[in-house]
Amino acid sequence: MNGKGNLLIIYVKAPRAGTVKTRLLKEFSAEEALALYRAMAEDLIARLRDSGAFALQIHFTPEDAAEEIKSWLGGDLTLRPQQGRDLGERMHGSFAAAFREGFPKAAIIGSDLPTLAHSRVVEAFRELDQREVVLGPGEDGGYYLIALKSPRPELFAEVEWSSPAVLSRTLENASRGGLNLIQLPRESDLDTAADARRLWESFHGEGEAVQRKLAPRTFAVLAKRFSGR
């Protein structure tokens, strides 16, 4: 175990056209959406995989996709199947497994955060020194990160996943359980064509060089889509 006992779990789906980033399909082809999905996940994992602040695991779905994920991301990463009937059950299962493995702190993020800073993840683990729950709120009413230091199945109860009420319901669950919680600064994940356009524009705004360095694969896919390069 490394990373001072911290474990970061990144959730991924098998890279299959038509099954990933489906909300992009109103304006993107299935192959374009797949290319963007792969690029975002690859950028994120490349940036976070060699951290000295936390260990890394990739938890994938569906459960039968182990060889597909290994072929895509390589065999040197720790891969685990997600298990559960919905996202809440799968996240609770991932946390429970992490604590059984002896990690005192664990966090879960999605794979559609191509420019998420390493420092933001470190901040989440640091906040767990004083808190029981850390949430990274998203711009769409959900959250991009959740960090715990013990299993909290009550956080995931009666949440309508993929709805704008995910964050508010989770906050209600935490309050009802008397949990000490803190929220990190907001971040945007990428689900829609409008999100893709905003990210592309950010590559040309303030901090352009930094953004491109954080997510070169994502930049290349978006450049092909939006500028024909």
# chains A, B, ... in the order shown; residues from 1 in each chain; ligands from 1

call {"tool": "select_by_dssp", "arguments": {"residues": "segment 36-228 of chain A", "states": "strand (DSSP E or B)", "output": "ChimeraX atom specification"}}
result
/A:55-61,78-81,105-109,133-138,143-148,181-183,187

call {"tool": "write_last_selection", "arguments": {"atoms": "C-alpha atoms", "output": "compact mmCIF listing (two decimals), in the first residue's frame"}}
result
# COMPACT_ATOMS: atom_id res chain seq x y z
CA ALA A 55 -2.89 4.60 -4.63
CA LEU A 56 -5.05 4.19 -7.73
CA GLN A 57 -7.60 1.59 -8.76
CA ILE A 58 -9.81 1.44 -11.84
CA HIS A 59 -13.32 0.09 -11.20
CA PHE A 60 -15.11 -0.84 -14.40
CA THR A 61 -18.52 -1.79 -15.70
CA THR A 78 -5.29 -2.44 -10.51
CA LEU A 79 -8.65 -3.29 -12.07
CA ARG A 80 -11.84 -4.21 -10.20
CA PRO A 81 -15.38 -4.80 -11.50
CA LYS A 105 -9.44 6.81 3.24
CA ALA A 106 -10.97 6.36 -0.21
CA ALA A 107 -12.39 8.60 -2.93
CA ILE A 108 -14.32 7.90 -6.13
CA ILE A 109 -14.35 10.04 -9.26
CA VAL A 133 -17.62 13.03 4.02
CA VAL A 134 -16.12 15.14 1.26
CA LEU A 135 -18.15 15.96 -1.86
CA GLY A 136 -17.07 17.72 -5.03
CA PRO A 137 -20.25 19.32 -6.41
CA GLY A 138 -20.76 19.40 -10.16
CA TYR A 143 -21.05 15.47 -7.76
CA TYR A 144 -17.75 14.66 -9.40
CA LEU A 145 -16.02 13.31 -6.29
CA ILE A 146 -17.00 11.61 -3.06
CA ALA A 147 -14.50 10.72 -0.34
CA LEU A 148 -15.07 8.72 2.86
CA LEU A 181 -19.44 17.00 5.51
CA ILE A 182 -17.59 19.57 3.45
CA GLN A 183 -17.95 20.52 -0.20
CA GLU A 187 -16.04 21.40 -11.20

call {"tool": "residues_around", "arguments": {"residues": "Ala98 of chain A", "least_positions_apart": "5", "cutoff": "10 Å", "atoms": "only C-alpha atoms", "output": "ChimeraX atom specification"}}
result
/A:6-9,57,92-93,103-107,149-151

call {"tool": "closest_atom_pairs", "arguments": {"of": "segment 73-111 of chain A", "to": "segment 156-164 of chain A", "cutoff": "10 Å", "atoms": "only C-alpha atoms", "output": "CSV"}}
result
residue,atom,partner,partner_atom,distance
A:Asp86,CA,A:Trp161,CA,8.2
A:Leu87,CA,A:Trp161,CA,7.0
A:Gly88,CA,A:Phe156,CA,4.9
A:Glu89,CA,A:Phe156,CA,7.3
A:Arg90,CA,A:Phe156,CA,9.7
A:Met91,CA,A:Phe156,CA,8.2
A:His92,CA,A:Phe156,CA,7.5

call {"tool": "write_last_selection", "arguments": {"atoms": "N, CA and C atoms", "output": "PDB file, in the first residue's frame"}}
result
ATOM      1  N   ASP A  86     -27.385  -0.478  -8.988  1.00  0.00           N
ATOM      2  CA  ASP A  86     -27.388   0.905  -9.458  1.00  0.00           C
ATOM      3  C   ASP A  86     -26.095   1.562  -8.997  1.00  0.00           C
ATOM      4  N   LEU A  87     -25.921   2.837  -9.368  1.00  0.00           N
ATOM      5  CA  LEU A  87     -24.672   3.527  -9.070  1.00  0.00           C
ATOM      6  C   LEU A  87     -24.414   3.604  -7.568  1.00  0.00           C
ATOM      7  N   GLY A  88     -25.465   3.819  -6.781  1.00  0.00           N
ATOM      8  CA  GLY A  88     -25.288   3.901  -5.341  1.00  0.00           C
ATOM      9  C   GLY A  88     -24.760   2.607  -4.755  1.00  0.00           C
ATOM     10  N   GLU A  89     -25.333   1.486  -5.159  1.00  0.00           N
ATOM     11  CA  GLU A  89     -24.858   0.189  -4.667  1.00  0.00           C
ATOM     12  C   GLU A  89     -23.420  -0.062  -5.110  1.00  0.00           C
ATOM     13  N   ARG A  90     -23.103   0.335  -6.342  1.00  0.00           N
ATOM     14  CA  ARG A  90     -21.740   0.114  -6.839  1.00  0.00           C
ATOM     15  C   ARG A  90     -20.729   0.959  -6.060  1.00  0.00           C
ATOM     16  N   MET A  91     -21.064   2.211  -5.775  1.00  0.00           N
ATOM     17  CA  MET A  91     -20.143   3.046  -5.019  1.00  0.00           C
ATOM     18  C   MET A  91     -19.975   2.543  -3.591  1.00  0.00           C
ATOM     19  N   HIS A  92     -21.083   2.166  -2.954  1.00  0.00           N
ATOM     20  CA  HIS A  92     -20.964   1.600  -1.610  1.00  0.00           C
ATOM     21  C   HIS A  92     -20.084   0.355  -1.635  1.00  0.00           C
TER      22      HIS A  92
END

call {"tool": "residues_around", "arguments": {"residues": "Lys213 of chain A", "least_positions_apart": "2", "cutoff": "12 Å", "atoms": "only C-alpha atoms", "output": "VMD selection string"}}
result
chain A and resid 43 to 44 46 to 47 114 to 117 203 207 to 211 215 to 220

call {"tool": "select_by_dssp", "arguments": {"residues": "segment 45-152 of chain A", "states": "alpha helix (DSSP H)", "output": "PyMOL selection string"}}
result
chain A and resi 45-48+66-73+87-100+118-127
